[in-house]
$ cat protein_27.cif   # mmCIF, C-alpha atoms and all ligand atoms
data_my_file
loop_
_atom_site.label_atom_id
_atom_site.label_comp_id
_atom_site.auth_asym_id
_atom_site.auth_seq_id
_atom_site.Cartn_x
_atom_site.Cartn_y
_atom_site.Cartn_z
CA MET G 14 11.08 -59.69 -25.81
CA PHE G 15 7.67 -58.36 -24.76
CA LYS G 16 5.09 -59.52 -27.27
CA ARG G 17 1.54 -58.25 -27.62
CA THR G 18 -0.69 -57.65 -30.62
CA ASP G 19 0.61 -58.68 -34.02
CA PHE G 20 0.03 -55.35 -35.70
CA LYS G 21 0.25 -55.70 -39.46
CA GLU G 22 2.20 -53.53 -41.89
CA SER G 23 -1.05 -51.75 -42.81
CA ASP G 24 -1.78 -50.88 -39.15
CA VAL G 25 1.57 -49.10 -38.79
CA GLN G 26 1.21 -47.40 -42.19
CA GLY G 27 -2.30 -46.29 -41.20
CA PHE G 28 -0.97 -44.93 -37.90
CA TYR G 29 1.64 -42.71 -39.63
CA SER G 30 -0.49 -41.74 -42.64
CA GLY G 31 -3.30 -40.57 -40.32
CA PRO G 32 -3.46 -37.83 -37.65
CA ALA G 33 -0.75 -39.52 -35.52
CA GLY G 34 1.82 -38.75 -38.22
CA SER G 35 1.27 -35.01 -38.03
CA LEU G 36 0.80 -35.04 -34.25
CA TRP G 37 4.25 -36.56 -33.79
CA GLU G 38 5.79 -33.89 -35.97
CA LEU G 39 3.95 -31.27 -33.90
CA CYS G 40 5.36 -32.69 -30.65
CA MET G 41 8.85 -33.72 -31.71
CA THR G 42 9.60 -31.51 -34.79
CA GLU G 43 10.36 -33.16 -38.13
CA GLU G 44 13.09 -35.27 -36.52
CA ILE G 45 10.55 -37.72 -35.11
CA HIS G 46 12.43 -39.03 -32.08
CA SER G 47 13.00 -37.89 -28.52
CA GLY G 48 15.77 -35.33 -28.08
CA GLY G 49 15.53 -34.13 -31.72
CA LYS G 50 18.72 -32.74 -33.25
CA GLU G 51 20.71 -33.30 -30.07
CA THR G 52 20.27 -37.09 -30.03
CA THR G 53 21.07 -37.19 -33.76
CA ASN G 54 24.36 -35.38 -33.06
CA VAL G 55 25.21 -37.86 -30.29
CA MET G 56 24.69 -40.82 -32.60
CA ALA G 57 26.57 -39.22 -35.51
CA LYS G 58 29.57 -38.65 -33.21
CA ALA G 59 29.44 -42.16 -31.75
CA LEU G 60 29.42 -43.67 -35.26
CA GLY G 61 32.28 -41.46 -36.48
CA LEU G 62 30.46 -40.28 -39.63
CA LYS G 63 32.86 -39.14 -42.37
CA PRO G 64 32.32 -37.49 -45.78
CA GLY G 65 31.44 -39.99 -48.50
CA MET G 66 30.17 -42.72 -46.16
CA HIS G 67 26.95 -44.36 -47.33
CA VAL G 68 24.37 -44.51 -44.52
CA LEU G 69 21.16 -46.55 -44.53
CA ASP G 70 18.47 -44.97 -42.30
CA VAL G 71 16.08 -47.81 -41.49
CA CYS G 72 12.58 -46.37 -40.89
CA SER G 73 13.46 -42.88 -42.11
CA ALA G 74 10.00 -41.23 -41.79
CA LEU G 75 10.15 -37.56 -42.92
CA GLY G 76 13.90 -37.78 -43.53
CA ALA G 77 14.97 -34.91 -41.30
CA PRO G 78 17.81 -36.84 -39.59
CA ALA G 79 19.14 -37.78 -43.05
CA ARG G 80 19.18 -34.12 -44.16
CA HIS G 81 20.81 -33.17 -40.86
CA ILE G 82 23.73 -35.65 -41.13
CA VAL G 83 24.27 -34.96 -44.84
CA LYS G 84 24.62 -31.23 -44.09
CA ASP G 85 26.85 -31.72 -41.04
CA HIS G 86 29.02 -34.67 -42.12
CA GLY G 87 28.93 -34.89 -45.94
CA VAL G 88 27.61 -38.47 -45.92
CA ARG G 89 25.21 -39.98 -48.50
CA VAL G 90 21.95 -41.42 -47.15
CA THR G 91 19.46 -43.98 -48.39
CA GLY G 92 16.26 -43.92 -46.33
CA LEU G 93 14.10 -47.02 -46.10
CA ASP G 94 10.48 -46.77 -44.97
CA PHE G 95 7.25 -48.55 -45.87
CA THR G 96 4.85 -45.61 -45.43
CA ASP G 97 4.36 -44.06 -48.89
CA ALA G 98 3.02 -40.74 -47.57
CA TYR G 99 6.20 -40.27 -45.51
CA ASN G 100 8.56 -41.28 -48.36
CA GLU G 101 6.86 -38.83 -50.74
CA GLU G 102 7.05 -36.03 -48.20
CA ALA G 103 10.67 -36.92 -47.31
CA ASN G 104 11.74 -36.76 -50.97
CA LYS G 105 9.81 -33.48 -51.46
CA ARG G 106 11.44 -31.79 -48.44
CA THR G 107 14.87 -33.10 -49.46
CA LYS G 108 14.53 -31.69 -52.99
CA ALA G 109 13.35 -28.34 -51.56
CA ALA G 110 16.47 -28.32 -49.34
CA GLY G 111 18.66 -29.00 -52.41
CA LEU G 112 19.96 -32.26 -50.94
CA ASP G 113 18.42 -34.75 -53.38
CA LYS G 114 21.81 -35.59 -54.94
CA SER G 115 22.93 -37.03 -51.60
CA ILE G 116 19.70 -38.59 -50.27
CA LEU G 117 17.08 -40.95 -51.64
CA PHE G 118 14.10 -42.39 -49.78
CA VAL G 119 12.86 -45.75 -50.99
CA ARG G 120 9.92 -47.95 -50.11
CA GLY G 121 10.70 -51.21 -48.38
CA ASN G 122 10.36 -53.31 -45.28
CA ALA G 123 13.03 -53.32 -42.58
CA MET G 124 12.61 -57.11 -42.30
CA ASP G 125 13.43 -57.68 -45.99
CA MET G 126 15.71 -54.89 -47.19
CA PRO G 127 15.82 -54.33 -50.97
CA PHE G 128 19.63 -54.02 -51.14
CA PRO G 129 22.54 -56.36 -52.01
CA ALA G 130 24.84 -57.66 -49.28
CA GLU G 131 27.64 -55.38 -48.02
CA THR G 132 26.25 -52.13 -49.50
CA PHE G 133 26.45 -49.65 -46.61
CA ASP G 134 29.15 -48.24 -44.31
CA ILE G 135 26.62 -47.39 -41.59
CA ILE G 136 23.17 -48.64 -40.58
CA TRP G 137 21.18 -46.00 -38.70
CA GLY G 138 17.88 -46.17 -36.82
CA GLN G 139 16.07 -43.83 -34.45
CA GLU G 140 13.10 -44.81 -32.30
CA ALA G 141 11.20 -46.79 -34.93
CA TRP G 142 12.23 -50.41 -34.60
CA CYS G 143 9.66 -50.86 -31.79
CA HIS G 144 7.14 -51.05 -34.68
CA VAL G 145 8.91 -53.94 -36.44
CA LEU G 146 7.26 -57.32 -36.01
CA ASP G 147 10.32 -59.56 -36.37
CA LYS G 148 13.21 -57.67 -34.80
CA ASP G 149 15.64 -60.59 -35.24
CA LYS G 150 15.03 -60.46 -38.99
CA LEU G 151 15.67 -56.72 -38.99
CA ILE G 152 19.02 -57.21 -37.21
CA ALA G 153 19.98 -60.05 -39.57
CA GLU G 154 19.17 -57.82 -42.55
CA ALA G 155 21.19 -54.94 -41.06
CA PHE G 156 24.14 -57.32 -40.69
CA ARG G 157 23.76 -58.58 -44.28
CA VAL G 158 23.64 -55.17 -46.00
CA LEU G 159 26.47 -53.68 -43.87
CA LYS G 160 30.05 -53.82 -45.17
CA PRO G 161 32.56 -55.78 -43.05
CA GLY G 162 33.83 -53.42 -40.33
CA GLY G 163 30.80 -51.16 -40.82
CA LYS G 164 28.85 -49.82 -37.83
CA LEU G 165 25.27 -50.04 -36.67
CA GLY G 166 23.82 -47.30 -34.46
CA PHE G 167 20.27 -47.06 -33.23
CA THR G 168 17.95 -45.94 -30.47
CA ASP G 169 14.69 -47.65 -29.64
CA TRP G 170 11.81 -47.51 -27.17
CA ILE G 171 12.34 -50.45 -24.83
CA VAL G 172 10.87 -52.05 -21.71
CA THR G 173 13.21 -51.04 -18.88
CA GLY G 174 11.56 -52.29 -15.69
CA GLN G 175 8.69 -54.23 -14.13
CA ILE G 176 5.38 -53.39 -15.75
CA ALA G 177 1.98 -55.05 -15.40
CA ASP G 178 0.79 -56.90 -18.48
CA ALA G 179 -2.34 -54.81 -18.91
CA GLU G 180 -0.45 -51.52 -18.64
CA LEU G 181 2.15 -52.56 -21.23
CA LYS G 182 -0.53 -53.86 -23.58
CA GLY G 183 -2.35 -50.50 -23.35
CA LEU G 184 0.81 -48.51 -24.05
CA MET G 185 1.80 -50.69 -27.01
CA GLU G 186 -1.66 -50.65 -28.55
CA MET G 187 -1.81 -46.86 -28.54
CA MET G 188 1.48 -46.81 -30.48
CA ALA G 189 0.83 -49.78 -32.82
CA PHE G 190 3.85 -51.68 -31.43
CA PRO G 191 3.56 -55.45 -32.05
CA ASN G 192 6.24 -56.16 -29.43
CA MET G 193 9.08 -54.40 -27.61
CA GLN G 194 12.65 -55.34 -26.81
CA SER G 195 14.33 -55.03 -23.42
CA PHE G 196 17.66 -53.23 -22.84
CA THR G 197 19.62 -56.50 -22.87
CA GLY G 198 17.37 -58.18 -25.46
CA TRP G 199 18.63 -55.87 -28.22
CA GLN G 200 22.24 -56.65 -27.27
CA GLU G 201 21.60 -60.40 -27.38
CA ALA G 202 19.88 -60.07 -30.77
CA MET G 203 22.91 -58.24 -32.20
CA LYS G 204 25.46 -60.69 -30.76
CA LYS G 205 23.48 -63.65 -32.10
CA VAL G 206 24.03 -62.60 -35.74
CA GLY G 207 27.71 -61.68 -35.25
CA PHE G 208 27.74 -58.00 -34.26
CA LYS G 209 30.24 -56.82 -31.68
CA VAL G 210 28.37 -54.48 -29.30
CA LEU G 211 30.58 -51.43 -28.73
CA ASP G 212 28.22 -49.38 -26.57
CA ALA G 213 24.82 -49.77 -24.91
CA LYS G 214 23.15 -47.13 -22.75
CA ASP G 215 19.83 -46.99 -20.92
CA GLU G 216 18.78 -43.38 -21.54
CA THR G 217 15.41 -43.57 -19.81
CA GLU G 218 15.89 -40.52 -17.57
CA ALA G 219 16.52 -38.16 -20.49
CA TYR G 220 13.74 -39.86 -22.44
CA ALA G 221 11.21 -39.34 -19.61
CA ARG G 222 11.98 -35.61 -19.50
CA CYS G 223 11.11 -35.32 -23.22
CA TRP G 224 7.57 -36.44 -22.40
CA ASP G 225 7.06 -33.24 -20.35
CA ASP G 226 7.25 -31.26 -23.62
CA TYR G 227 4.90 -33.64 -25.48
CA VAL G 228 2.32 -33.46 -22.68
CA ARG G 229 2.53 -29.65 -22.64
CA THR G 230 2.22 -29.42 -26.43
CA VAL G 231 -0.79 -31.71 -26.62
CA THR G 232 -2.71 -30.65 -23.49
CA LYS G 233 -1.94 -26.91 -23.56
CA ASP G 234 -0.12 -25.22 -26.46
CA ALA G 235 -1.73 -27.15 -29.34
CA LYS G 236 -4.90 -28.44 -27.68
CA GLU G 237 -7.37 -26.15 -29.49
CA GLY G 238 -5.66 -26.72 -32.85
CA ILE G 239 -5.71 -30.51 -32.45
CA ILE G 240 -9.41 -30.50 -31.60
CA LYS G 241 -10.19 -28.17 -34.54
CA ALA G 242 -8.18 -30.23 -37.05
CA ASN G 243 -8.97 -33.75 -35.83
CA GLY G 244 -12.00 -33.63 -33.54
CA PRO G 245 -12.42 -34.39 -29.81
CA ASP G 246 -11.93 -38.17 -30.07
CA ILE G 247 -8.46 -37.89 -31.59
CA TYR G 248 -7.61 -35.22 -29.02
CA ALA G 249 -8.70 -37.53 -26.18
CA PHE G 250 -6.60 -40.35 -27.68
CA ALA G 251 -3.54 -38.09 -27.96
CA GLU G 252 -3.99 -36.80 -24.40
CA LYS G 253 -4.19 -40.33 -22.99
CA LEU G 254 -1.21 -41.48 -25.06
CA VAL G 255 1.17 -38.73 -23.92
CA THR G 256 -0.05 -38.84 -20.29
CA ASP G 257 0.25 -42.62 -19.93
CA TRP G 258 3.61 -42.90 -21.72
CA ARG G 259 5.04 -40.02 -19.65
CA ALA G 260 3.98 -41.70 -16.39
CA ALA G 261 5.45 -45.07 -17.45
CA ALA G 262 8.73 -43.44 -18.51
CA TYR G 263 9.10 -41.54 -15.21
CA ALA G 264 8.41 -44.84 -13.38
CA HIS G 265 11.27 -46.38 -15.42
CA LYS G 266 8.95 -49.03 -16.86
CA VAL G 267 9.62 -48.03 -20.47
CA GLY G 268 12.45 -45.97 -21.85
CA ARG G 269 15.07 -45.47 -24.55
CA GLY G 270 18.01 -47.70 -25.38
CA PHE G 271 21.06 -46.46 -27.33
CA TYR G 272 23.28 -48.96 -29.12
CA ILE G 273 26.45 -48.93 -31.23
CA ALA G 274 27.76 -52.15 -32.77
CA GLN G 275 30.24 -53.27 -35.43
CA LYS G 276 30.18 -56.00 -38.06
C1 LIG G 301 8.82 -42.86 -35.35
S1 LIG G 301 8.90 -42.95 -37.09
C2 LIG G 301 10.64 -42.91 -37.39
C3 LIG G 301 11.29 -41.61 -37.09
C4 LIG G 301 12.61 -41.35 -37.77
N1 LIG G 301 13.55 -42.41 -37.54
C5 LIG G 301 13.15 -40.04 -37.29
O1 LIG G 301 13.99 -40.08 -36.38
O2 LIG G 301 12.75 -38.97 -37.80
C6 LIG G 301 8.56 -44.63 -37.45
C7 LIG G 301 8.68 -44.97 -38.92
O3 LIG G 301 8.94 -46.37 -39.05
C8 LIG G 301 8.34 -46.82 -40.24
N2 LIG G 301 8.25 -48.28 -40.15
C9 LIG G 301 7.72 -49.00 -39.14
N3 LIG G 301 7.88 -50.31 -39.36
C10 LIG G 301 8.55 -50.44 -40.54
C11 LIG G 301 9.03 -51.54 -41.29
N4 LIG G 301 8.85 -52.80 -40.89
N5 LIG G 301 9.69 -51.30 -42.44
C12 LIG G 301 9.87 -50.03 -42.88
N6 LIG G 301 9.43 -48.93 -42.21
C13 LIG G 301 8.79 -49.14 -41.05
C14 LIG G 301 7.02 -46.08 -40.28
O4 LIG G 301 6.49 -46.06 -41.57
C15 LIG G 301 7.43 -44.70 -39.75
O5 LIG G 301 7.75 -43.84 -40.80
#

$ encode --input "protein_27.cif" --output "structure tokens"
Amino acid sequence: MFKRTDFKESDVQGFYSGPAGSLWELCMTEEIHSGGKETTNVMAKALGLKPGMHVLDVCSALGAPARHIVKDHGVRVTGLDFTDAYNEEANKRTKAAGLDKSILFVRGNAMDMPFPAETFDIIWGQEAWCHVLDKDKLIAEAFRVLKPGGKLGFTDWIVTGQIADAELKGLMEMMAFPNMQSFTGWQEAMKKVGFKVLDAKDETEAYARCWDDYVRTVTKDAKEGIIKANGPDIYAFAEKLVTDWRAAAYAHKVGRGFYIAQK
């Protein structure tokens, strides 16, 4: 576990309620994770989603992956997120898409989930758990609310190689990450609470290539618009963020982990 600043709940909420929230949607589309729809399809297949299954999306943001898997697989989704602006927008977009009978977004913390034990068939997470302060608590909560035999699938931004302290600290501070897991650290955390790890992949190469698009969007295609909407300081911050993260991903210092486990 790579620990840095203890960002508080309000720091992460502020990050997503402010310009960063809309900048991520601009770069990644409303599925706010690298690889977009394609990586969602990979995880849905690996988890064997079936009609009627109840999925909990932990850190559901704008809810686009939930709408995607409801349409493609006939599942029901509860989304859990602690940023009110995102939950409101997620519920609004879901109603507009006519999917509000199958999806509900609720406010809550991933470290203390507001659900009874053994509620869900599937726990789902995409590239958000890097923000969670106590990742062991998150995994213990996922285990508690999952039905016996149920599956956990998630991707996360992880530390994948040697990286100098100062460089990692800079990367994490730009993203409001309090700490980051390593590729094996996530597997150990799951095993510790009783999960059987069925699959674990280091997807850093594909992840690094996604940063090419984010750098192009920020520094070329959307540059003028970002400056007009947010001012030159936010633009400079966004440019540094995408440039530094892209370089670290190509150097295999940080990357993406993909995990499937069973209770
Ligand atoms: C990168 S976005 C998630 C993207 C989303 N999974 C997707 O693929 O579209 C990160 C989200 O995590 C949420 N978040 C971070 N820490 C959280 C916590 N401890 N509990 C609940 N939500 C949290 C933020 O509010 C934000 O909406």

$ closest_residue --input "protein_27.cif" --among "G:Thr217, G:Thr96, G:Asn54, G:Thr107" --to "ligand LIG 301 (chain G)" --atoms "all atoms listed in the file"
G:Thr96

$ axis_aligned_box --input "protein_27.cif" --around "ligand LIG 301 (chain G)" --padding-each-side "4 Å" --output "JSON"
{"center_x": 10.2, "center_y": -45.9, "center_z": -39.1, "size_x": 15.5, "size_y": 21.8, "size_z": 15.5}

$ residues_near_ligand --input "protein_27.cif" --ligand "ligand LIG 301 (chain G)" --cutoff "7 Å" --atoms "all atoms listed in the file" --output "number ranges by chain"
G: 22, 25-26, 29, 43-46, 71-78, 93-96, 99, 121-124, 138-142, 144-146

$ atom_distance --input "protein_27.cif" --atom1 "atom CA of Lys105 of chain G" --atom2 "atom CA of Gly31 of chain G"
18.6 Å

$ residues_around --input "protein_27.cif" --residues "Lys236 of chain G" --least-positions-apart "4" --cutoff "12 Å" --atoms "all atoms listed in the file" --output "list of chain:residue names"
G:Leu36, G:Leu39, G:Cys40, G:Tyr227, G:Val228, G:Arg229, G:Thr230, G:Val231, G:Thr232, G:Ile240, G:Lys241, G:Ala242, G:Asn243, G:Gly244, G:Pro245, G:Ile247, G:Tyr248, G:Ala249, G:Ala251, G:Glu252

$ atom_distance --input "protein_27.cif" --atom1 "atom CA of Ile239 of chain G" --atom2 "atom CA of Ala179 of chain G"
28.0 Å

$ atom_distance --input "protein_27.cif" --atom1 "atom CA of Gly65 of chain G" --atom2 "atom CA of Asn100 of chain G"
22.9 Å

$ closest_residue --input "protein_27.cif" --among "G:Phe156, G:Phe250, G:Phe190, G:Trp170" --to "Gly207 of chain G" --atoms "all atoms listed in the file"
G:Phe156

$ residues_around --input "protein_27.cif" --residues "Thr53 of chain G" --least-positions-apart "2" --cutoff "12 Å" --atoms "all atoms listed in the file" --output "number ranges by chain"
G: 44-51, 55-60, 62, 70, 77-83, 85-86, 137-140, 166-168, 271

$ residues_around --input "protein_27.cif" --residues "Lys204 of chain G" --least-positions-apart "3" --cutoff "12 Å" --atoms "only C-alpha atoms" --output "list of chain:residue names"
G:Asp149, G:Ile152, G:Ala153, G:Phe156, G:Thr197, G:Gly198, G:Trp199, G:Gln200, G:Glu201, G:Gly207, G:Phe208, G:Lys209, G:Val210, G:Leu211, G:Ile273, G:Ala274, G:Gln275, G:Lys276

$ closest_residue --input "protein_27.cif" --among "G:Gly174, G:Pro32, G:Gly61, G:Gly183" --to "Phe196 of chain G" --atoms "all atoms listed in the file"
G:Gly174

$ build_atoms --input "protein_27.cif" --residues "segment 163-176 of chain G" --atoms "N, CA and C atoms" --output "compact mmCIF listing (two decimals), in the frame of the given file"
# COMPACT_ATOMS: atom_id res chain seq x y z
N GLY G 163 31.76 -52.26 -40.89
CA GLY G 163 30.80 -51.16 -40.82
C GLY G 163 30.10 -51.13 -39.46
N LYS G 164 29.46 -49.97 -39.17
CA LYS G 164 28.85 -49.82 -37.83
C LYS G 164 27.33 -49.65 -37.90
N LEU G 165 26.71 -50.15 -36.86
CA LEU G 165 25.27 -50.04 -36.67
C LEU G 165 25.04 -49.15 -35.46
N GLY G 166 24.18 -48.13 -35.60
CA GLY G 166 23.82 -47.30 -34.46
C GLY G 166 22.32 -47.10 -34.44
N PHE G 167 21.71 -47.32 -33.31
CA PHE G 167 20.27 -47.06 -33.23
C PHE G 167 19.82 -46.77 -31.81
N THR G 168 18.66 -46.09 -31.73
CA THR G 168 17.95 -45.94 -30.47
C THR G 168 16.59 -46.58 -30.65
N ASP G 169 16.01 -47.05 -29.54
CA ASP G 169 14.69 -47.65 -29.64
C ASP G 169 13.96 -47.50 -28.31
N TRP G 170 12.63 -47.50 -28.38
CA TRP G 170 11.81 -47.51 -27.17
C TRP G 170 11.80 -48.95 -26.66
N ILE G 171 12.18 -49.11 -25.39
CA ILE G 171 12.34 -50.45 -24.83
C ILE G 171 11.60 -50.57 -23.49
N VAL G 172 11.41 -51.81 -23.05
CA VAL G 172 10.87 -52.05 -21.71
C VAL G 172 12.08 -52.07 -20.77
N THR G 173 12.02 -51.20 -19.72
CA THR G 173 13.21 -51.04 -18.88
C THR G 173 13.01 -51.52 -17.45
N GLY G 174 11.78 -51.86 -17.08
CA GLY G 174 11.56 -52.29 -15.69
C GLY G 174 10.34 -53.19 -15.59
N GLN G 175 9.89 -53.40 -14.35
CA GLN G 175 8.69 -54.23 -14.13
C GLN G 175 7.47 -53.43 -14.56
N ILE G 176 6.62 -54.07 -15.34
CA ILE G 176 5.38 -53.39 -15.75
C ILE G 176 4.28 -54.44 -15.87
